Each structure stands twice: as structure tokens, then as C-alpha cells.
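S.K.: Please find one structure pasted underneath; my questions will follow.
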Amino acid sequence: MATIPICITDLTGDQIRELAAELSEPVYRAAQLQSWIYRRLPLFIDDMPDLPQSFRQRLAMKVRLHSLVPAHEMIGDDGTVKVLFTLADGKTIESALMPYPAGRYRSRYTVCVSTQVGCPVGCPFCATGQQGFERNLTPGEIIDQVLYFARWLRDHSNQAGSASGQLASHITNLVFMGMGEPLANYNALWQAMEMLNSPDGFDLGARHMVISTAGLVPQIERLSREQLQVGLAVSLHASSNTLRNTLVPINKKYPLDEIMPACRRYCQATGRRISFEYILFDNLNDSTEDARSLARLVAGLNCHVNLIAANPTTNGSFRPPHRSIILTFEQELRRLRIACTLRQGKGLDIDSGCGQLRSRFLQPTAGQSSHGSLHHSTGRV
Ligand code: SAH
Ligand code: SF4
């Protein structure tokens with residue numbers, strides 16, 4: 001049987017109402033259906049027994065319930081769950097669920113969401129960038145990554161530490177830091193975020209969602225004008241155009257002297273703090289002078305710098321610095337009164353860096369050995 005092309009999560013609230021009207025159902029049926037999809041996370045259309053059977057049958061001819069099939073699932077030693085999904089056209093993407101037990105902050109479950117198959121930016125240190133660009137994800141393919149993990153948590157609530165109160169029992173945060181450049185797929189991303197935020201949808205606060213970008217200036221300007229209070233992280237990795245042109249090639253189109261003013265305008269327009277991501281690469285951008293130059297670049301901005309030790313990929317020229325160099329870099333930023341955090345790597349034993357799991361499946365000979373437990377499932381979720 002041919003696959004039904006439209007997935008229910010590709011539809012906005014208005015489109016779900018139109019669908020109900022088209023199927024001659026009363027208006028309240030659309031609300032009932034939407035509430036099922038985003039709150040009770042059914043696996044099959046027949047798992048919604050209070051929808052009339054004739055409606056369910058007609059619905060099944062119009063829309064699919066899911067756009068992702070989990071192909072491989074791995075659980076890291078730190079509890080990170082990484083899933084490789086197959087899309088309807090056979091392409092693959094990956095997403096991760098990362099647990100943060102209660103400590104200085106309340107416990108969290110963060111989902112790292114992909115927005116594209118591959119990425120057009122092509123950063124040489126990034127596993128996704130090395131795979132090239134294939135296509136944008138649809139809103140439904142973005143949303144379904146989140147719903148998959150919401151269902152995963154519901155079904156694994158005893159194992160996941162939530163029973164002991166150490167961990168949240170549900171998804172608390174989303175970071176659009178998986179495969180792809182989110183702002184290069186703005187419309188689909190935005191439709192997905194509105195539904196994930198909507199009280200009639202997944203109902204997650206906008207402040208609990210962060211978009212990470214390589215620095216697309218027109219889209220940063222557009223984001224400044226949006227009503228939703230989502231967070232923004234800009235991946236800097238270098239404080240000079242010369243180095244950044246090689247690390248983040250889109251810098252040749254939108255250089256630092258355009259990105260930084262756009263970030264300043266974003267902070268002024270929204271009153272929000274901006275984050276900067278800075279991956280530390282051995283002998284490339286990790287000197288004390290690099291720290292001072294970064295501090296000068298972000299001076300005066302309401303910002304927070306996240307330092308990340310490079311996660312080695314198949315491109316061996318990008319390695320993490322020695323721990324002592326990382327700590328010296330962090331101390332120098334702090335001395336210069338730049339708020340910063342050294343971000344802990346998550347799921348390192350299971351290739352949890354952006355695009356790394358997919359890389360392994362695209363190139364079966366590279367890095368075959370895997371740690372962590374491999375859970376295999378093929379069913380449509
Ligand atoms: N395209 C967007 C969002 C996806 S990448 C962006 O670049 O911001 C999400 C984050 O993963 C970025 O900060 C990116 O630089 C980082 N990343 C990619 N490859 C990495 C690696 N090998 N080691 C550490 N961080 C990496
Ligand atoms: Fe794309 Fe981000 Fe990877 Fe660069 S780091 S290639 S922008 S996903």
C-alpha cells in the first residue's frame with residue numbers, strides 16, 4: 001500500500017480544523033484529535049478509542065500518525081539516548097535525549113533536535129557538515145523527534161530514574177542543535193516550534209527551547225521580531241574572520257562584523273540574553289590570546305559563552321585541547337568577566353556529537369566499534 005504523504009504533525013491547528021471539516025466532523029473533534037496527538041501520544045489511530053470508528057477509518061486514509069521510524073537506538077553510560085531515524089523517503093537523521101539529574105539546577109530532560117538531513121554550511125570539524133546537504137525536514141519530522149522521546153520517557157519511566165525523583169519525568173527542554181542549520185529551514189522550524197509551544201499542542205514554554213545557528217544574519221534579524229521568547233545560541237568558534245572562514249564557511253557570506261551587530265540588535269529588541277558556542281580545538285583557537293580576543297568580541301553584550309571541548313570526528317585534524325589548556329582558557333574568560341560554562345560532553349561513548357551516529361551508518365567501515373548498549377527496533381512509532 002502506498003504511504004499516505006501527509007503526516008498529522010505536519011498540520012497547523014487551523015489545518016487540523018480544516019481536515020475535521022473536510023471529514024464532516026464537528027469543530028470539537030479537531031481539538032480532541034490534537035489533544036490526543038500531543039498529550040496522549042498514541043502509536044496507532046485505533047489507540048484513540050473515544051474518536052468514532054468511522055472518523056478513525058476516514059482519518060487513516062488522509063493522514064499518517066508518524067513520519068519517523070526508529071532504526072537504531074543506543075543508550076550511553078550517562079543515560080543519553082541516541083536514535084537514528086529513517087524518514088519516509090529512506091533518508092536518515094539522528095536525535096538525542098539527554099538526562100541532567102538534579103544538581104545546581106532542577107533535573108532536566110533535553111531533546112537535541114535535527115532540522116535538516118545533512119547541512120549546507122559544511123563545517124570541516126562537524127560530522128553532519130562532512131555529509132553534505134540533502135534536504136530540509138518538514139515540521140512533522142521536526143516535531144516527531146520530540147514526540148518520540150516523550151513517548152520513550154512515558155514507556156521507560158521506571159528505568160529512567162524518574163521514579164526515585166532524581167530526574168524529571170518528562171521533556172523539559174529542547175535544543176535545536178542536532179543535524180542541520182535550523183535558521184536555513186526557518187518556516188518549517190517555526191511552524192514546529194509554535195506547535196511544540198502551543199497550549200493546544202505539546203505545551204512546552206518557549207524559554208525552554210534554544211535555536212543554535214552558525215550565524216545567518218537575516219534570519220537572526222527575523223528572529224528578533226518574533227513574539228515567541230525562544231533562546232538563541234550562535235556558534236562562534238573563532239574571534240577572527242580569517243580563522244572563522246575556515247571553521248564555519250558561511251562566515252564568508254556573513255562575517256563577524258555583520259554577525260556581532262545582529263546579535264547586539266537581537267539582545268536590544270528582545271531583552272534576552274544570547275549564548276555563544278565556542279568549540280575549543282587543540283592548537284587552533286585555544287590560546288590565552290584567543291580567550292582575550294573572544295572576550296573583546298562579546299564585550300558589553302548580555303551573553304553567556306558555552307565552551308565545548310572538540311568532539312573528535314573522522315576528520316582527525318580537529319582534536320580537543322589538553323584539559324589544562326581548556327581550564328586556562330575558561331579562567332581567562334572569567335578573569336575578563338565573561339560569563340561562561342564548560343559544557344559537559346553528553347553520550348560521548350555512543351557518538352552523540354552532531355551527525356556522528358549517522359556518519360557511522362553511512363560509512364559502515366569507519367569506527368564500527370560501539371560502546372553503550374545497542375537497542376534495535378524497527379517498528380513504526
Ligand atoms: N548548525 C547549527 C546547529 C547544529 S550544530 C550550529 O552550527 O550552531 C550544534 C552544535 O554542535 C554547534 O555549536 C556545533 O558547532 C557543534 N558541533 C559540531 N561538531 C562538533 C564537534 N566535532 N565537536 C564539538 N561540537 C560540535
Ligand atoms: Fe552545519 Fe552546525 Fe555542523 Fe556547521 S556545525 S556543518 S552549521 S550542523
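Ordering of the C-alpha cells sets the chain letters (A, B, ...), residue numbers begin anew at 1 in every chain, and ligands are numbered from 1 in the order given.
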Do a neighbour search on region 261-266 of chain A at 9 Å with only C-alpha atoms, toss out local chain neighbours closer than 5 positions, and write the hits as an mmCIF file with C-alpha atoms, in the first residue's frame.
M.R.:
```
data_model
loop_
_atom_site.group_PDB
_atom_site.id
_atom_site.type_symbol
_atom_site.label_atom_id
_atom_site.label_comp_id
_atom_site.auth_asym_id
_atom_site.auth_seq_id
_atom_site.Cartn_x
_atom_site.Cartn_y
_atom_site.Cartn_z
ATOM 1 C CA VAL A 217 22.256 37.313 9.745
ATOM 2 C CA PRO A 218 18.874 37.967 8.005
ATOM 3 C CA ILE A 220 18.735 36.430 13.285
ATOM 4 C CA GLU A 221 17.072 39.759 12.433
ATOM 5 C CA LEU A 223 14.034 36.041 14.980
ATOM 6 C CA SER A 224 14.431 39.368 16.824
ATOM 7 C CA ARG A 225 10.942 40.341 15.647
ATOM 8 C CA VAL A 234 25.353 31.490 17.971
ATOM 9 C CA LEU A 256 31.774 38.549 12.238
ATOM 10 C CA GLY A 271 15.739 41.983 26.092
ATOM 11 C CA ARG A 272 17.047 38.408 26.118
ATOM 12 C CA ARG A 273 20.487 37.050 26.818
ATOM 13 C CA ILE A 274 22.243 35.411 23.888
ATOM 14 C CA LEU A 301 26.713 42.029 25.271
ATOM 15 C CA ASN A 302 24.212 40.386 27.575
#
```
S.K.: Considering only C-alpha atoms and all ligand atoms, tabulate each residue of chain A that lies at most 7 Å from ligand 1 along with its nearest interatomic pair and the corresponding distance in Å to one decimal; arrange the rows by chain and ascending residue number and present them as a Markdown table.
M.R.:
```
| residue | atom | partner | partner_atom_place_in_ligand_line | distance |
| --- | --- | --- | --- | --- |
| A:Phe125 | CA | ligand 1 | 22 (N) | 5.0 |
| A:Cys126 | CA | ligand 1 | 19 (N) | 3.6 |
| A:Ala127 | CA | ligand 1 | 19 (N) | 6.1 |
| A:Phe176 | CA | ligand 1 | 3 (C) | 6.3 |
| A:Met177 | CA | ligand 1 | 4 (C) | 3.8 |
| A:Gly178 | CA | ligand 1 | 4 (C) | 5.0 |
| A:Met179 | CA | ligand 1 | 4 (C) | 5.5 |
| A:Gly180 | CA | ligand 1 | 1 (N) | 5.0 |
| A:Glu181 | CA | ligand 1 | 1 (N) | 3.7 |
| A:Pro182 | CA | ligand 1 | 3 (C) | 6.3 |
| A:Ser212 | CA | ligand 1 | 8 (O) | 4.2 |
| A:Thr213 | CA | ligand 1 | 8 (O) | 3.7 |
| A:Ala214 | CA | ligand 1 | 7 (O) | 4.3 |
| A:Val234 | CA | ligand 1 | 8 (O) | 6.0 |
| A:Ser235 | CA | ligand 1 | 8 (O) | 4.7 |
| A:Glu277 | CA | ligand 1 | 13 (O) | 5.3 |
| A:Ile279 | CA | ligand 1 | 24 (C) | 5.7 |
| A:Ile308 | CA | ligand 1 | 24 (C) | 6.1 |
| A:Ala309 | CA | ligand 1 | 24 (C) | 6.2 |
| A:Ala310 | CA | ligand 1 | 23 (N) | 3.8 |
| A:Asn311 | CA | ligand 1 | 23 (N) | 3.6 |
| A:Pro312 | CA | ligand 1 | 22 (N) | 5.3 |
| A:Thr313 | CA | ligand 1 | 22 (N) | 5.6 |
| A:Gly353 | CA | ligand 1 | 20 (C) | 6.0 |
| A:Cys354 | CA | ligand 1 | 18 (C) | 5.3 |
```
S.K.: Take the residues just selected and output them with C-alpha atoms as a PDB file, in the first residue's frame.
M.R.:
```pdb
ATOM      1  CA  PHE A 125      35.022  19.624  12.149  1.00  0.00           C
ATOM      2  CA  CYS A 126      31.364  18.537  12.128  1.00  0.00           C
ATOM      3  CA  ALA A 127      30.202  15.033  11.221  1.00  0.00           C
ATOM      4  CA  PHE A 176      17.793  22.713  18.013  1.00  0.00           C
ATOM      5  CA  MET A 177      21.398  21.564  17.847  1.00  0.00           C
ATOM      6  CA  GLY A 178      21.091  18.280  16.027  1.00  0.00           C
ATOM      7  CA  MET A 179      21.823  17.845  12.341  1.00  0.00           C
ATOM      8  CA  GLY A 180      21.481  20.869  10.109  1.00  0.00           C
ATOM      9  CA  GLU A 181      21.282  24.628  10.270  1.00  0.00           C
ATOM     10  CA  PRO A 182      17.904  25.448  11.864  1.00  0.00           C
ATOM     11  CA  SER A 212      21.607  27.169  17.621  1.00  0.00           C
ATOM     12  CA  THR A 213      22.870  28.849  14.449  1.00  0.00           C
ATOM     13  CA  ALA A 214      26.118  29.162  12.515  1.00  0.00           C
ATOM     14  CA  VAL A 234      25.353  31.490  17.971  1.00  0.00           C
ATOM     15  CA  SER A 235      28.199  29.104  17.137  1.00  0.00           C
ATOM     16  CA  GLU A 277      29.099  28.388  21.471  1.00  0.00           C
ATOM     17  CA  ILE A 279      34.390  24.735  20.492  1.00  0.00           C
ATOM     18  CA  ILE A 308      32.899  22.858  24.381  1.00  0.00           C
ATOM     19  CA  ALA A 309      35.890  20.555  24.034  1.00  0.00           C
ATOM     20  CA  ALA A 310      36.007  19.375  20.406  1.00  0.00           C
ATOM     21  CA  ASN A 311      34.436  16.021  19.886  1.00  0.00           C
ATOM     22  CA  PRO A 312      36.789  14.151  17.533  1.00  0.00           C
ATOM     23  CA  THR A 313      35.150  13.018  14.282  1.00  0.00           C
ATOM     24  CA  GLY A 353      28.128  14.537  18.610  1.00  0.00           C
ATOM     25  CA  CYS A 354      26.099  16.171  15.874  1.00  0.00           C
TER      26      CYS A 354
END
```
S.K.: Report as a list in words all protein, DNA and RNA residues lying within 7 Å of region 95-102 of chain A, evaluated on only C-alpha atoms, omitting residues in the same chain fewer than 4 positions from it.
M.R.: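 The residues that qualify are Gly79, Thr80, Val81, Lys82, Val83, Leu84, Arg106, Ser107, Arg108, Tyr109, Thr110, Val111, Cys112, Val113, Ser114, Gln145, Phe149, Gln166, Leu167 and Gly178 of chain A.
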S.K.: At what distance in Å, to one decimal, does CA of Leu59 (chain A) lie from CA of Ile8 (chain A)?
M.R.: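 Between CA of Ile8 (chain A) and CA of Leu59 (chain A) the gap is 9.6 Å.
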S.K.: What does the distance from CA of Val146 (chain A) to CA of Leu196 (chain A) come to in Å, to one decimal?
M.R.: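 Interatomic distance, CA of Val146 (chain A) to CA of Leu196 (chain A): 8.6 Å.
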S.K.: From region 19-90 of chain A, collect each residue whose DSSP state is alpha helix (DSSP H) and return the set as a list in words.
M.R.: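 Result set for region 19-90 of chain A (alpha helix (DSSP H)): Leu19, Ala20, Ala21, Glu22, Val27, Tyr28, Arg29, Ala30, Ala31, Gln32, Leu33, Gln34, Ser35, Gln53, Ser54, Phe55, Arg56, Gln57, Arg58, Leu59, Ala60, Met61 and Lys62 of chain A.
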S.K.: Can you spit out the residues from that selection as a compact mmCIF listing (two decimals), in the first residue's frame, using N, CA, C and O atoms?
M.R.:
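Contents of selection_27.txt, freshly written:
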```txt
# COMPACT_ATOMS: atom_id res chain seq x y z
N LEU A 19 -9.21 19.82 8.24
CA LEU A 19 -9.29 18.38 7.97
C LEU A 19 -10.57 17.80 8.59
O LEU A 19 -11.29 17.03 7.95
N ALA A 20 -10.84 18.21 9.84
CA ALA A 20 -12.05 17.70 10.51
C ALA A 20 -13.29 18.13 9.73
O ALA A 20 -14.22 17.32 9.52
N ALA A 21 -13.29 19.40 9.26
CA ALA A 21 -14.45 19.90 8.50
C ALA A 21 -14.60 19.11 7.20
O ALA A 21 -15.71 18.71 6.82
N GLU A 22 -13.46 18.85 6.55
CA GLU A 22 -13.48 18.09 5.30
C GLU A 22 -14.07 16.69 5.51
O GLU A 22 -14.73 16.14 4.64
N VAL A 27 -16.46 20.82 15.03
CA VAL A 27 -15.21 21.54 15.34
C VAL A 27 -14.50 20.91 16.54
O VAL A 27 -13.27 20.79 16.55
N TYR A 28 -15.27 20.49 17.56
CA TYR A 28 -14.60 19.98 18.76
C TYR A 28 -13.78 18.73 18.49
O TYR A 28 -12.87 18.38 19.23
N ARG A 29 -14.09 18.05 17.36
CA ARG A 29 -13.36 16.82 17.03
C ARG A 29 -11.89 17.14 16.73
O ARG A 29 -10.98 16.36 17.06
N ALA A 30 -11.66 18.31 16.11
CA ALA A 30 -10.28 18.70 15.79
C ALA A 30 -9.49 18.88 17.08
O ALA A 30 -8.36 18.41 17.21
N ALA A 31 -10.10 19.54 18.07
CA ALA A 31 -9.42 19.77 19.35
C ALA A 31 -9.14 18.45 20.04
O ALA A 31 -8.06 18.23 20.62
N GLN A 32 -10.11 17.55 19.94
CA GLN A 32 -9.97 16.23 20.57
C GLN A 32 -8.80 15.46 19.93
O GLN A 32 -7.95 14.90 20.63
N LEU A 33 -8.73 15.52 18.60
CA LEU A 33 -7.67 14.82 17.87
C LEU A 33 -6.30 15.42 18.21
O LEU A 33 -5.34 14.71 18.51
N GLN A 34 -6.25 16.76 18.22
CA GLN A 34 -4.97 17.42 18.50
C GLN A 34 -4.48 17.08 19.91
O GLN A 34 -3.30 16.86 20.14
N SER A 35 -5.42 17.05 20.85
CA SER A 35 -5.05 16.73 22.22
C SER A 35 -4.51 15.29 22.32
O SER A 35 -3.54 15.01 23.02
N GLN A 53 -15.30 5.37 15.35
CA GLN A 53 -14.55 4.46 14.49
C GLN A 53 -14.58 4.90 13.02
O GLN A 53 -13.58 4.81 12.31
N SER A 54 -15.74 5.41 12.59
CA SER A 54 -15.84 5.82 11.18
C SER A 54 -14.90 7.00 10.92
O SER A 54 -14.29 7.10 9.86
N PHE A 55 -14.75 7.87 11.91
CA PHE A 55 -13.82 9.00 11.76
C PHE A 55 -12.39 8.47 11.69
O PHE A 55 -11.59 8.88 10.85
N ARG A 56 -12.06 7.54 12.55
CA ARG A 56 -10.71 6.98 12.56
C ARG A 56 -10.39 6.35 11.21
O ARG A 56 -9.30 6.50 10.68
N GLN A 57 -11.39 5.65 10.65
CA GLN A 57 -11.15 5.00 9.35
C GLN A 57 -10.90 6.03 8.26
O GLN A 57 -9.97 5.90 7.46
N ARG A 58 -11.72 7.09 8.26
CA ARG A 58 -11.57 8.11 7.22
C ARG A 58 -10.26 8.89 7.43
O ARG A 58 -9.59 9.27 6.48
N LEU A 59 -9.91 9.10 8.69
CA LEU A 59 -8.67 9.80 9.03
C LEU A 59 -7.46 9.02 8.50
O LEU A 59 -6.53 9.59 7.92
N ALA A 60 -7.51 7.70 8.68
CA ALA A 60 -6.38 6.84 8.28
C ALA A 60 -6.13 6.90 6.77
O ALA A 60 -5.03 6.62 6.32
N MET A 61 -7.18 7.28 6.01
CA MET A 61 -6.98 7.38 4.56
C MET A 61 -6.37 8.72 4.18
O MET A 61 -5.88 8.91 3.07
N LYS A 62 -6.41 9.69 5.11
CA LYS A 62 -5.94 11.05 4.80
C LYS A 62 -4.55 11.34 5.35
O LYS A 62 -3.78 12.06 4.73
```
S.K.: Identify which of the residues A:Glu258, A:Asp349, A:Asp290, A:Glu194 lies closest to Gly13 (chain A), counting only C-alpha atoms when measuring atom-to-atom distances.
M.R.: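 The answer is A:Glu194, which sits nearest to Gly13 (chain A).
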S.K.: Taking into account only C-alpha atoms, which residue in the set A:Phe281, A:Tyr186, A:Tyr254, A:Phe44 is nearest to Gln219 (chain A)?
M.R.: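 Closest residue, counting only C-alpha atoms: A:Tyr186.
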S.K.: Got a sec to tell me which of region 37-145 of chain A DSSP assigns to strand (DSSP E), as a ChimeraX atom specification?
M.R.: /A:68-75,81-87,92-100,108-112,116-118,133-136
S.K.: Would you save the residues from that selection as a short mmCIF file (atom, residue, chain, number, x, y, z; two decimals), in the first residue's frame, using C-alpha atoms?
M.R.:
```cif
data_model
loop_
_atom_site.label_atom_id
_atom_site.label_comp_id
_atom_site.auth_asym_id
_atom_site.auth_seq_id
_atom_site.Cartn_x
_atom_site.Cartn_y
_atom_site.Cartn_z
CA LEU A 68 9.87 8.67 11.63
CA VAL A 69 10.81 5.03 12.02
CA PRO A 70 13.47 4.34 14.66
CA ALA A 71 16.22 2.29 13.01
CA HIS A 72 18.80 2.14 15.82
CA GLU A 73 18.71 3.18 19.42
CA MET A 74 21.72 3.44 21.72
CA ILE A 75 21.92 4.27 25.40
CA VAL A 81 19.54 8.00 24.39
CA LYS A 82 20.54 8.43 20.78
CA VAL A 83 18.24 7.36 17.98
CA LEU A 84 18.82 7.06 14.25
CA PHE A 85 15.50 7.54 12.44
CA THR A 86 14.55 6.60 8.88
CA LEU A 87 12.28 9.07 7.08
CA THR A 92 18.16 9.18 7.92
CA ILE A 93 18.52 11.68 10.76
CA GLU A 94 19.53 11.38 14.39
CA SER A 95 18.28 12.88 17.64
CA ALA A 96 19.22 12.51 21.29
CA LEU A 97 17.54 12.60 24.69
CA MET A 98 19.91 13.88 27.36
CA PRO A 99 19.20 13.48 31.08
CA TYR A 100 20.51 16.07 33.56
CA ARG A 108 16.01 18.17 33.12
CA TYR A 109 15.42 16.04 30.08
CA THR A 110 16.66 17.83 26.99
CA VAL A 111 15.99 16.67 23.45
CA CYS A 112 18.57 17.58 20.80
CA GLN A 116 17.79 19.14 8.12
CA VAL A 117 19.14 15.97 6.50
CA GLY A 118 22.84 16.88 6.37
CA PHE A 133 23.18 18.65 2.41
CA GLU A 134 20.23 16.55 1.29
CA ARG A 135 17.01 18.31 2.27
CA ASN A 136 15.05 20.29 4.84
#
```
S.K.: Using only C-alpha atoms and all ligand atoms for the distances, tell me which of A:His170, A:Arg334, A:Arg244, A:Arg343 is nearest to ligand 2.
M.R.: A:Arg244
